[in-house]
>>> print(open('structure.cif').read())   # mmCIF, C-alpha atoms
data_entry
loop_
_atom_site.label_atom_id
_atom_site.label_comp_id
_atom_site.auth_asym_id
_atom_site.auth_seq_id
_atom_site.Cartn_x
_atom_site.Cartn_y
_atom_site.Cartn_z
CA MET A 26 60.48 220.42 -155.53
CA ASN A 27 62.88 222.84 -157.22
CA LEU A 28 60.75 225.96 -157.29
CA PHE A 29 63.02 227.70 -159.78
CA SER A 30 62.64 225.12 -162.52
CA ILE A 31 59.30 226.64 -163.58
CA PHE A 32 60.98 229.91 -164.59
CA ASN A 33 62.94 230.42 -167.77
CA LYS A 34 64.09 233.89 -166.72
CA PRO A 35 63.33 234.48 -163.04
CA LYS A 36 62.34 238.00 -162.16
CA LYS A 37 63.25 239.16 -158.69
CA GLU A 38 59.91 240.83 -158.04
CA ASP A 39 57.98 237.71 -159.13
CA ILE A 40 60.05 235.42 -156.95
CA PHE A 41 59.79 237.64 -153.92
CA GLU A 42 56.07 238.28 -154.17
CA ILE A 43 54.61 235.06 -155.61
CA PHE A 44 56.56 232.25 -153.93
CA PRO A 45 55.27 231.11 -150.53
CA ASP A 46 58.78 230.11 -149.43
CA GLY A 47 61.67 232.12 -148.07
CA ILE A 48 63.95 233.35 -150.87
CA LEU A 49 67.59 234.37 -150.53
CA ILE A 50 69.77 235.66 -153.36
CA VAL A 51 73.37 234.62 -152.72
CA SER A 52 76.52 235.77 -154.54
CA MET A 53 79.02 233.29 -155.93
CA ASP A 54 81.33 233.95 -152.98
CA GLY A 55 78.54 233.02 -150.53
CA LYS A 56 77.29 236.44 -149.41
CA ILE A 57 73.56 237.12 -149.04
CA LEU A 58 72.59 239.88 -151.51
CA ASP A 59 68.88 240.09 -150.81
CA VAL A 60 66.02 238.26 -149.04
CA ASN A 61 62.25 238.30 -149.11
CA SER A 62 59.94 238.86 -146.14
CA LYS A 63 59.19 235.14 -145.80
CA ALA A 64 62.90 234.36 -145.26
CA LEU A 65 63.10 237.14 -142.67
CA LYS A 66 60.16 235.61 -140.82
CA ILE A 67 61.67 232.10 -140.91
CA LEU A 68 65.12 233.17 -139.68
CA GLY A 69 63.93 235.98 -137.41
CA PHE A 70 66.62 238.46 -138.45
CA SER A 71 66.22 241.88 -140.05
CA LYS A 72 67.03 242.50 -143.69
CA MET A 73 69.94 244.69 -142.62
CA GLU A 74 71.42 241.88 -140.49
CA LEU A 75 71.17 239.28 -143.26
CA THR A 76 72.25 241.37 -146.24
CA GLY A 77 76.00 241.25 -146.66
CA SER A 78 76.43 238.32 -144.26
CA TYR A 79 77.61 234.93 -145.40
CA PHE A 80 74.98 232.29 -146.17
CA SER A 81 76.93 229.73 -144.11
CA GLN A 82 76.34 231.79 -140.94
CA TYR A 83 72.65 230.89 -141.04
CA ILE A 84 72.24 227.68 -143.04
CA GLN A 85 74.22 224.58 -142.09
CA GLY A 86 76.25 223.32 -145.04
CA GLY A 87 76.81 226.76 -146.52
CA SER A 88 78.37 227.01 -149.98
CA VAL A 89 79.13 223.28 -150.11
CA LEU A 90 75.42 222.53 -149.73
CA LEU A 91 74.48 225.13 -152.35
CA ASN A 92 76.93 223.71 -154.91
CA LYS A 93 75.54 220.24 -154.32
CA LEU A 94 71.93 221.41 -154.73
CA VAL A 95 72.69 223.42 -157.85
CA GLN A 96 74.49 220.48 -159.48
CA SER A 97 71.91 217.84 -158.53
CA GLY A 98 68.71 219.86 -158.87
CA MET A 99 67.53 218.10 -155.70
CA LEU A 100 66.48 219.51 -152.35
CA SER A 101 67.88 218.86 -148.89
CA VAL A 102 66.85 219.18 -145.25
CA THR A 103 69.34 220.94 -142.99
CA LYS A 104 69.57 223.02 -139.83
CA ALA A 105 69.25 226.80 -139.77
CA ALA A 106 69.97 229.29 -137.00
CA ASN A 107 67.32 231.82 -136.03
CA SER A 108 67.53 235.04 -134.04
CA ASN A 109 66.57 233.20 -130.82
CA LYS A 110 69.61 230.93 -131.23
CA GLU A 111 67.27 227.96 -131.68
CA ASP A 112 67.90 225.22 -134.19
CA ILE A 113 65.21 225.09 -136.82
CA TYR A 114 65.00 222.72 -139.80
CA VAL A 115 64.55 223.96 -143.33
CA GLU A 116 64.02 222.32 -146.69
CA VAL A 117 66.45 223.96 -149.15
CA SER A 118 66.61 224.06 -152.95
CA ALA A 119 68.83 226.22 -155.17
CA ALA A 120 69.44 227.26 -158.78
CA LYS A 121 71.87 229.58 -160.53
CA SER A 122 70.74 232.73 -162.32
CA ASP A 123 70.97 232.90 -166.11
CA ASP A 124 74.19 234.90 -165.95
CA ASN A 125 75.73 232.44 -163.44
CA GLU A 126 76.61 235.34 -161.15
CA LYS A 127 74.33 234.48 -158.25
CA VAL A 128 72.26 231.69 -156.74
CA TYR A 129 68.58 231.77 -155.91
CA VAL A 130 67.90 229.82 -152.70
CA SER A 131 64.50 228.66 -151.49
CA ILE A 132 63.99 227.74 -147.81
CA ARG A 133 60.90 226.28 -146.20
CA ASP A 134 60.48 225.87 -142.43
CA ILE A 135 59.70 222.19 -141.67
CA THR A 136 60.76 222.25 -138.00
CA GLN A 137 57.42 221.07 -136.63
CA SER A 138 56.93 218.19 -139.05
CA TYR A 139 60.60 217.21 -138.70
CA LYS A 140 60.35 217.03 -134.91
CA VAL A 141 57.10 215.07 -135.12
CA GLN A 142 58.72 212.63 -137.54
CA ASN A 143 61.72 212.21 -135.23
CA MET A 144 59.42 211.75 -132.26
CA ILE A 145 57.45 209.06 -134.10
CA SER A 146 60.68 207.37 -135.17
CA GLY A 147 61.93 207.47 -131.59
CA GLU A 148 58.70 206.03 -130.23
CA TYR A 149 58.80 203.34 -132.91
CA GLU A 150 62.34 202.38 -131.90
CA ILE A 151 61.31 202.21 -128.24
CA ALA A 152 58.26 200.08 -129.08
CA LYS A 153 60.33 197.81 -131.31
CA LYS A 154 62.90 197.34 -128.57
CA ILE A 155 60.16 196.35 -126.12
CA ILE A 156 58.66 193.90 -128.65
CA ASP A 157 62.08 192.40 -129.42
CA GLU A 158 62.86 191.95 -125.73
CA LYS A 159 59.44 190.36 -125.17
CA ASN A 160 59.89 188.01 -128.11
CA LYS A 161 63.39 187.02 -127.01
CA TYR A 162 62.06 186.28 -123.53
CA LEU A 163 59.14 184.20 -124.83
CA LYS A 164 61.45 182.27 -127.14
CA GLY A 165 63.69 181.60 -124.15
CA ILE A 166 60.92 180.18 -121.96
CA SER A 167 59.09 178.34 -124.76
CA GLY A 168 60.86 175.10 -123.84
CA GLU A 169 59.46 175.21 -120.30
CA ILE A 170 55.95 175.94 -121.57
CA PHE A 171 56.02 173.06 -124.06
CA SER A 172 57.44 170.77 -121.39
CA LEU A 173 54.42 171.47 -119.18
CA LEU A 174 52.00 171.04 -122.08
CA ASN A 175 53.65 167.80 -123.17
CA SER A 176 53.15 166.46 -119.64
CA VAL A 177 49.42 167.08 -119.93
CA THR A 178 49.29 165.59 -123.43
CA SER A 179 51.33 162.52 -122.50
CA PHE A 180 49.44 161.90 -119.25
CA SER A 181 46.02 162.18 -120.91
CA LYS A 182 47.15 159.82 -123.68
CA ALA A 183 48.46 157.38 -121.10
CA LEU A 184 45.10 157.42 -119.30
CA ASN A 185 43.33 156.72 -122.60
CA ASP A 186 45.72 153.83 -123.19
CA GLY A 187 44.69 152.28 -119.86
CA VAL A 188 47.79 153.02 -117.75
CA GLY A 189 45.63 153.96 -114.76
CA GLY A 190 43.09 151.25 -115.33
CA GLU A 191 39.95 151.10 -117.41
CA LEU A 192 38.08 154.40 -117.74
CA THR A 193 34.35 154.84 -117.76
CA ASP A 194 32.82 156.28 -120.91
CA LYS A 195 32.43 159.65 -119.21
CA GLN A 196 36.03 159.65 -117.96
CA ASN A 197 37.31 158.60 -121.36
CA LYS A 198 35.36 161.43 -122.99
CA TYR A 199 36.85 164.11 -120.72
CA VAL A 200 40.38 162.72 -120.99
CA SER A 201 40.06 162.66 -124.78
CA ILE A 202 38.96 166.30 -124.76
CA ILE A 203 41.93 167.24 -122.56
CA ASN A 204 44.30 165.40 -124.89
CA LYS A 205 42.82 167.03 -127.99
CA ASN A 206 42.88 170.54 -126.49
CA SER A 207 46.45 170.22 -125.26
CA ASN A 208 47.55 169.07 -128.72
CA GLU A 209 45.72 172.01 -130.33
CA LEU A 210 47.26 174.44 -127.86
CA SER A 211 50.75 173.06 -128.47
CA TYR A 212 50.27 173.42 -132.22
CA ASP A 213 49.08 177.04 -131.98
CA LEU A 214 51.76 178.04 -129.48
CA GLU A 215 54.48 176.48 -131.59
CA LYS A 216 53.42 178.64 -134.56
CA LEU A 217 53.07 181.72 -132.34
CA PHE A 218 56.54 181.34 -130.81
CA ARG A 219 58.03 180.79 -134.27
CA TYR A 220 56.33 183.99 -135.42
CA PHE A 221 57.81 185.89 -132.45
CA GLU A 222 61.21 184.54 -133.49
CA ALA A 223 60.79 185.74 -137.08
CA GLU A 224 59.21 189.06 -136.06
CA SER A 225 62.28 190.10 -134.09
CA ASN A 226 64.78 188.59 -136.55
CA LEU A 227 65.94 186.03 -133.99
CA TYR A 228 66.13 183.34 -136.66
CA GLN A 229 69.53 183.19 -138.36
CA TYR A 230 69.18 182.27 -142.04
CA GLU A 231 71.78 179.89 -143.45
CA TYR A 232 72.16 180.24 -147.21
CA LYS A 233 73.58 177.42 -149.29
CA LYS A 234 73.26 175.82 -152.71
CA PHE A 235 70.77 172.94 -153.01
CA ASP A 236 68.47 171.23 -155.51
CA LEU A 237 65.01 172.72 -154.93
CA ALA A 238 63.26 170.06 -157.03
CA ASP A 239 64.82 167.31 -154.90
CA LEU A 240 63.73 169.09 -151.71
CA VAL A 241 60.07 169.48 -152.69
CA THR A 242 59.97 165.92 -154.08
CA SER A 243 61.18 164.61 -150.73
CA ILE A 244 58.53 166.66 -148.90
CA ALA A 245 55.78 165.44 -151.23
CA LYS A 246 56.78 161.79 -150.78
CA SER A 247 56.65 162.11 -146.98
CA TYR A 248 53.14 163.62 -147.11
CA GLU A 249 51.70 161.04 -149.51
CA VAL A 250 51.34 158.62 -146.58
CA LEU A 251 49.71 161.22 -144.34
CA PHE A 252 47.12 162.25 -146.93
CA ALA A 253 46.45 158.61 -147.80
CA LYS A 254 45.54 157.91 -144.16
CA LYS A 255 42.77 160.54 -144.43
CA LYS A 256 41.77 159.13 -147.82
CA LEU A 257 42.53 162.45 -149.51
CA ASN A 258 43.66 162.68 -153.12
CA PHE A 259 47.14 164.26 -153.03
CA THR A 260 48.82 165.25 -156.31
CA TYR A 261 52.00 167.15 -157.09
CA ASP A 262 53.74 168.41 -160.19
CA PHE A 263 57.30 169.78 -160.43
CA SER A 264 57.69 169.52 -164.21
CA SER A 265 57.88 173.28 -164.81
CA PHE A 266 61.40 173.57 -163.37
CA GLN A 267 63.85 174.96 -165.92
CA THR A 268 66.51 175.52 -163.30
CA ARG A 269 66.66 173.54 -160.06
CA SER A 270 69.73 174.99 -158.36
CA CYS A 271 68.71 177.32 -155.54
CA TYR A 272 70.77 179.45 -153.16
CA SER A 273 68.65 180.02 -150.07
CA ASP A 274 67.87 178.56 -146.65
CA ALA A 275 66.75 175.01 -147.45
CA ALA A 276 65.77 174.26 -143.83
CA ILE A 277 63.37 177.19 -143.52
CA ILE A 278 61.85 176.57 -146.97
CA GLU A 279 61.15 172.98 -145.91
CA ILE A 280 59.51 174.20 -142.69
CA LEU A 281 57.34 176.72 -144.58
CA ILE A 282 56.09 174.21 -147.16
CA LYS A 283 55.40 171.58 -144.52
CA SER A 284 53.54 174.16 -142.42
CA ILE A 285 51.12 174.92 -145.25
CA LEU A 286 50.69 171.23 -146.07
CA ASP A 287 49.93 170.63 -142.38
CA ILE A 288 47.13 173.19 -142.60
CA SER A 289 45.71 171.44 -145.66
CA LEU A 290 45.96 168.10 -143.86
CA LYS A 291 44.32 169.47 -140.73
CA TYR A 292 41.39 171.29 -142.34
CA THR A 293 40.60 169.01 -145.29
CA ASP A 294 38.46 165.96 -144.50
CA ILE A 295 37.04 165.25 -147.95
CA GLY A 296 38.42 166.14 -151.35
CA SER A 297 41.92 166.83 -152.60
CA VAL A 298 45.19 168.63 -152.00
CA SER A 299 47.68 169.60 -154.71
CA MET A 300 51.19 171.03 -154.71
CA ASN A 301 52.83 172.48 -157.82
CA VAL A 302 56.34 173.95 -157.73
CA GLY A 303 58.55 175.26 -160.51
CA ASN A 304 59.74 178.34 -162.33
CA PRO A 305 56.75 180.68 -162.81
CA PRO A 306 55.19 181.63 -166.16
CA ILE A 307 56.52 184.92 -167.52
CA GLU A 308 52.95 186.30 -167.43
CA PHE A 309 52.77 185.70 -163.67
CA LEU A 310 55.88 187.79 -163.09
CA GLN A 311 54.67 190.58 -165.38
CA ASN A 312 51.18 190.69 -163.81
CA ASN A 313 52.68 190.99 -160.32
CA GLY A 314 55.05 193.82 -161.13
CA TYR A 315 58.36 191.98 -161.46
CA GLY A 316 59.23 193.62 -164.77
CA ALA A 317 60.23 190.42 -166.53
CA ASP A 318 61.33 191.24 -170.07
CA ASP A 319 62.06 187.77 -171.45
CA GLU A 320 61.69 184.06 -170.69
CA SER A 321 65.05 183.91 -168.90
CA ALA A 322 63.62 186.00 -166.05
CA LYS A 323 61.45 183.17 -164.78
CA LYS A 324 64.55 181.09 -164.03
CA GLN A 325 65.31 183.59 -161.28
CA TYR A 326 62.24 182.60 -159.26
CA ALA A 327 60.42 179.58 -157.88
CA LEU A 328 56.61 179.55 -157.60
CA PHE A 329 54.93 177.33 -154.99
CA GLU A 330 51.20 176.65 -155.29
CA ILE A 331 49.46 174.59 -152.59
CA LYS A 332 45.70 174.14 -152.94
CA ASP A 333 43.20 172.25 -150.80
CA SER A 334 39.45 171.80 -151.07
CA GLY A 335 38.78 171.84 -147.31
CA LEU A 336 39.82 175.16 -145.78
CA VAL A 337 37.57 178.16 -146.42
CA LEU A 338 38.54 181.56 -145.02
CA THR A 339 35.99 184.27 -144.33
CA PRO A 340 36.51 187.58 -146.20
CA SER A 341 37.60 189.35 -143.00
CA ILE A 342 40.11 186.63 -142.10
CA LEU A 343 41.39 186.51 -145.69
CA GLN A 344 41.88 190.28 -145.71
CA ASN A 345 43.97 190.03 -142.52
CA ILE A 346 45.50 186.61 -143.13
CA PHE A 347 49.08 187.82 -142.56
CA ASN A 348 48.30 189.64 -139.31
CA PRO A 349 48.52 187.12 -136.44
CA TYR A 350 47.14 189.69 -133.97
CA TYR A 351 43.90 190.32 -135.86
CA LEU A 352 40.82 189.11 -133.98
CA ASP A 353 37.47 188.53 -135.67
CA GLU A 354 34.73 187.84 -133.12
CA ASN A 355 32.55 186.25 -135.80
CA ALA A 356 35.27 183.93 -137.10
CA ASN A 357 35.63 180.27 -136.25
CA LYS A 358 38.21 179.98 -133.45
CA LYS A 359 39.44 176.77 -135.06
CA LEU A 360 41.06 178.91 -137.76
CA THR A 361 43.60 180.29 -135.30
CA GLY A 362 46.18 177.71 -136.34
CA ALA A 363 45.73 178.51 -140.02
CA LYS A 364 46.05 182.27 -139.46
CA LEU A 365 49.17 181.85 -137.34
CA THR A 366 50.70 179.53 -139.94
CA TYR A 367 50.09 181.87 -142.88
CA SER A 368 51.43 184.82 -140.86
CA LEU A 369 54.57 182.89 -139.97
CA VAL A 370 55.16 181.73 -143.54
CA TYR A 371 54.58 185.23 -144.93
CA LYS A 372 57.08 186.74 -142.48
CA HIS A 373 59.84 184.32 -143.52
CA VAL A 374 58.98 184.68 -147.22
CA LYS A 375 59.35 188.46 -146.95
CA ASN A 376 62.67 188.03 -145.12
CA LEU A 377 63.82 185.86 -148.03
CA LYS A 378 62.85 188.74 -150.39
CA GLY A 379 59.89 186.83 -151.80
CA ASP A 380 56.13 187.37 -151.82
CA MET A 381 52.98 185.45 -150.92
CA TRP A 382 49.30 185.48 -151.84
CA VAL A 383 46.36 183.53 -150.39
CA TYR A 384 43.02 183.01 -152.19
CA SER A 385 39.95 181.34 -150.72
CA LYS A 386 36.39 180.78 -151.95
CA PRO A 387 33.45 178.74 -150.64
CA SER A 388 33.16 175.31 -152.31
CA GLN A 389 36.59 175.81 -153.90
CA GLY A 390 38.90 175.84 -150.89
CA THR A 391 42.12 177.76 -150.40
CA LEU A 392 45.16 178.38 -152.60
CA ALA A 393 48.47 179.59 -151.16
CA CYS A 394 51.05 180.97 -153.63
CA ILE A 395 54.65 181.72 -152.69
CA LEU A 396 57.22 183.34 -154.96
CA LEU A 397 60.86 183.02 -153.88
CA PRO A 398 64.07 184.09 -155.59
CA MET A 399 66.32 181.23 -156.70
CA ASP A 400 69.34 183.23 -155.59
CA LYS A 401 70.06 185.53 -152.65
CA ILE A 402 68.96 189.13 -153.25
#
>>> encode(input="structure.cif", output="structure tokens")
Amino acid sequence: MNLFSIFNKPKKEDIFEIFPDGILIVSMDGKILDVNSKALKILGFSKMELTGSYFSQYIQGGSVLLNKLVQSGMLSVTKAANSNKEDIYVEVSAAKSDDNEKVYVSIRDITQSYKVQNMISGEYEIAKKIIDEKNKYLKGISGEIFSLLNSVTSFSKALNDGVGGELTDKQNKYVSIINKNSNELSYDLEKLFRYFEAESNLYQYEYKKFDLADLVTSIAKSYEVLFAKKKLNFTYDFSSFQTRSCYSDAAIIEILIKSILDISLKYTDIGSVSMNVGNPPIEFLQNNGYGADDESAKKQYALFEIKDSGLVLTPSILQNIFNPYYLDENANKKLTGAKLTYSLVYKHVKNLKGDMWVYSKPSQGTLACILLPMDKI
């Protein structure tokens, strides 16, 4: 805040007595003409020591900084030297007097908050480095883990198929449970490892031009068979495309859409699933803060809407749907796969400079909406 902007004609006595900040009056050649008691306290020097000295002796940046602040009307954080020869940090703002013969300078000691901020930033960087190293390690060993799991899955399936001879009903029941659990674990771990990859930016995006309508049509065709096997009504509509050419990572977009469709397939036993993709209505962009002024703006985005009638998320899960580490003791553990999938998709969507929303209501199911730019931002 430029403290001097509230005065038309600053009066020295008002500035010195009313303002809570340190005030220095500096001549045009950079000499300190006068200071208030607050500035003396911040810098730790006497008035006699400061008066007549050059501003640059005490405030890093000196006259260059003052000229910049006067011209811009902004404030800046810089170092200052105190009487104990310790570096302190001050927030500085400046303005010329009416006669343009001197500069009024405001300084505020922010050393404590600045050091705390730097400490937090440093701790964040350390924590991020640890997380990135952990994620890189887990990604590296994921192949071994899945190899072990696949052995369990394949062996249990082989036993069910009669490779080891005919099983009793009890044996068949336990082997089936083992096979089902190993498949579930593989599914959840696959999503979790993919999230680790995205979380630490280990995935390298490959941007290229492609026809988005062709891509989603191909995906829809491949899932028609899968939904038909479960006797689910699957519909799709891509008629709202006004522009189909997209410059993005086609491979990751395909993975994200298939991941959500897999959730719909997994959690919907009766009812329907729909997928609509195209350029969004102008009202959608305006309501979500995209500042679209005319109809041409919607050509810059693609809106994906995937709805199913089977999955219902509890309010607590819905509120934390993009946090894969959130645990709700009252929630159904079977929703782990859905939560991991939505978290993974959201992470990639954000990396692609898009946005995502998830809505869910009892008896109505769940709707996932993804907005992606049609060009690289």
>>> residues_around(input="structure.cif", residues="Tyr248 of chain A", least_positions_apart="3", cutoff="12 Å", atoms="all atoms listed in the file", output="ChimeraX atom specification")
/A:241-245,251-255,257-261,282-287,289-290,298-300
>>> closest_residue(input="structure.cif", among="A:Glu209, A:Ser118, A:Tyr371, A:Val102", to="Ala223 of chain A", atoms="only C-alpha atoms")
A:Tyr371
>>> resolve_selection(input="structure.cif", expression="the PyMOL selection byres ((chain A and resi 48-55) around 8)", output="list of chain:residue names")
A:Ile40, A:Phe41, A:Asp46, A:Gly47, A:Lys56, A:Ile57, A:Leu58, A:Asp59, A:Val60, A:Asn61, A:Lys63, A:Ala64, A:Tyr79, A:Phe80, A:Ser81, A:Gly87, A:Ser88, A:Glu126, A:Lys127, A:Val128, A:Tyr129, A:Val130, A:Ser131, A:Ile132
>>> write_last_selection(input="structure.cif", atoms="C-alpha atoms", output="JSON list (two decimals), keeping the file's coordinate frame")
[["chain", "number", "residue", "atom", "x", "y", "z"],
["A", 40, "ILE", "CA", 60.05, 235.42, -156.95],
["A", 41, "PHE", "CA", 59.79, 237.64, -153.92],
["A", 46, "ASP", "CA", 58.78, 230.11, -149.43],
["A", 47, "GLY", "CA", 61.67, 232.12, -148.07],
["A", 56, "LYS", "CA", 77.29, 236.44, -149.41],
["A", 57, "ILE", "CA", 73.56, 237.12, -149.04],
["A", 58, "LEU", "CA", 72.59, 239.88, -151.51],
["A", 59, "ASP", "CA", 68.88, 240.09, -150.81],
["A", 60, "VAL", "CA", 66.02, 238.26, -149.04],
["A", 61, "ASN", "CA", 62.25, 238.30, -149.11],
["A", 63, "LYS", "CA", 59.19, 235.14, -145.80],
["A", 64, "ALA", "CA", 62.90, 234.36, -145.26],
["A", 79, "TYR", "CA", 77.61, 234.93, -145.40],
["A", 80, "PHE", "CA", 74.98, 232.29, -146.17],
["A", 81, "SER", "CA", 76.93, 229.73, -144.11],
["A", 87, "GLY", "CA", 76.81, 226.76, -146.52],
["A", 88, "SER", "CA", 78.37, 227.01, -149.98],
["A", 126, "GLU", "CA", 76.61, 235.34, -161.15],
["A", 127, "LYS", "CA", 74.33, 234.48, -158.25],
["A", 128, "VAL", "CA", 72.26, 231.69, -156.74],
["A", 129, "TYR", "CA", 68.58, 231.77, -155.91],
["A", 130, "VAL", "CA", 67.90, 229.82, -152.70],
["A", 131, "SER", "CA", 64.50, 228.66, -151.49],
["A", 132, "ILE", "CA", 63.99, 227.74, -147.81]]
>>> resolve_selection(input="structure.cif", expression="the PyMOL selection byres ((chain A and resi 386) around 12)", output="ChimeraX atom specification")
/A:332-340,343,383-385,387-392
>>> closest_residue(input="structure.cif", among="A:Tyr232, A:Tyr199, A:Tyr83, A:Tyr350", to="Val115 of chain A", atoms="only C-alpha atoms")
A:Tyr83
>>> atom_distance(input="structure.cif", atom1="atom CA of Pro398 of chain A", atom2="atom CA of Asp319 of chain A")
16.4 Å
>>> resolve_selection(input="structure.cif", expression="the PyMOL selection byres ((chain A and resi 364) around 8)", output="NGL selection string")
:A and (342 or 346-349 or 360-363 or 365-368)
>>> residues_around(input="structure.cif", residues="Tyr139 of chain A", least_positions_apart="2", cutoff="12 Å", atoms="all atoms listed in the file", output="MDAnalysis selection string")
chainID A and resid 102:104 112:116 133:137 141:146
>>> closest_residue(input="structure.cif", among="A:Ser108, A:Ser71, A:Asn125, A:Ser225", to="Glu158 of chain A", atoms="all atoms listed in the file")
A:Ser225
>>> closest_residue(input="structure.cif", among="A:Ser122, A:Ser264, A:Asn226, A:Asn204", to="Lys154 of chain A", atoms="all atoms listed in the file")
A:Asn226
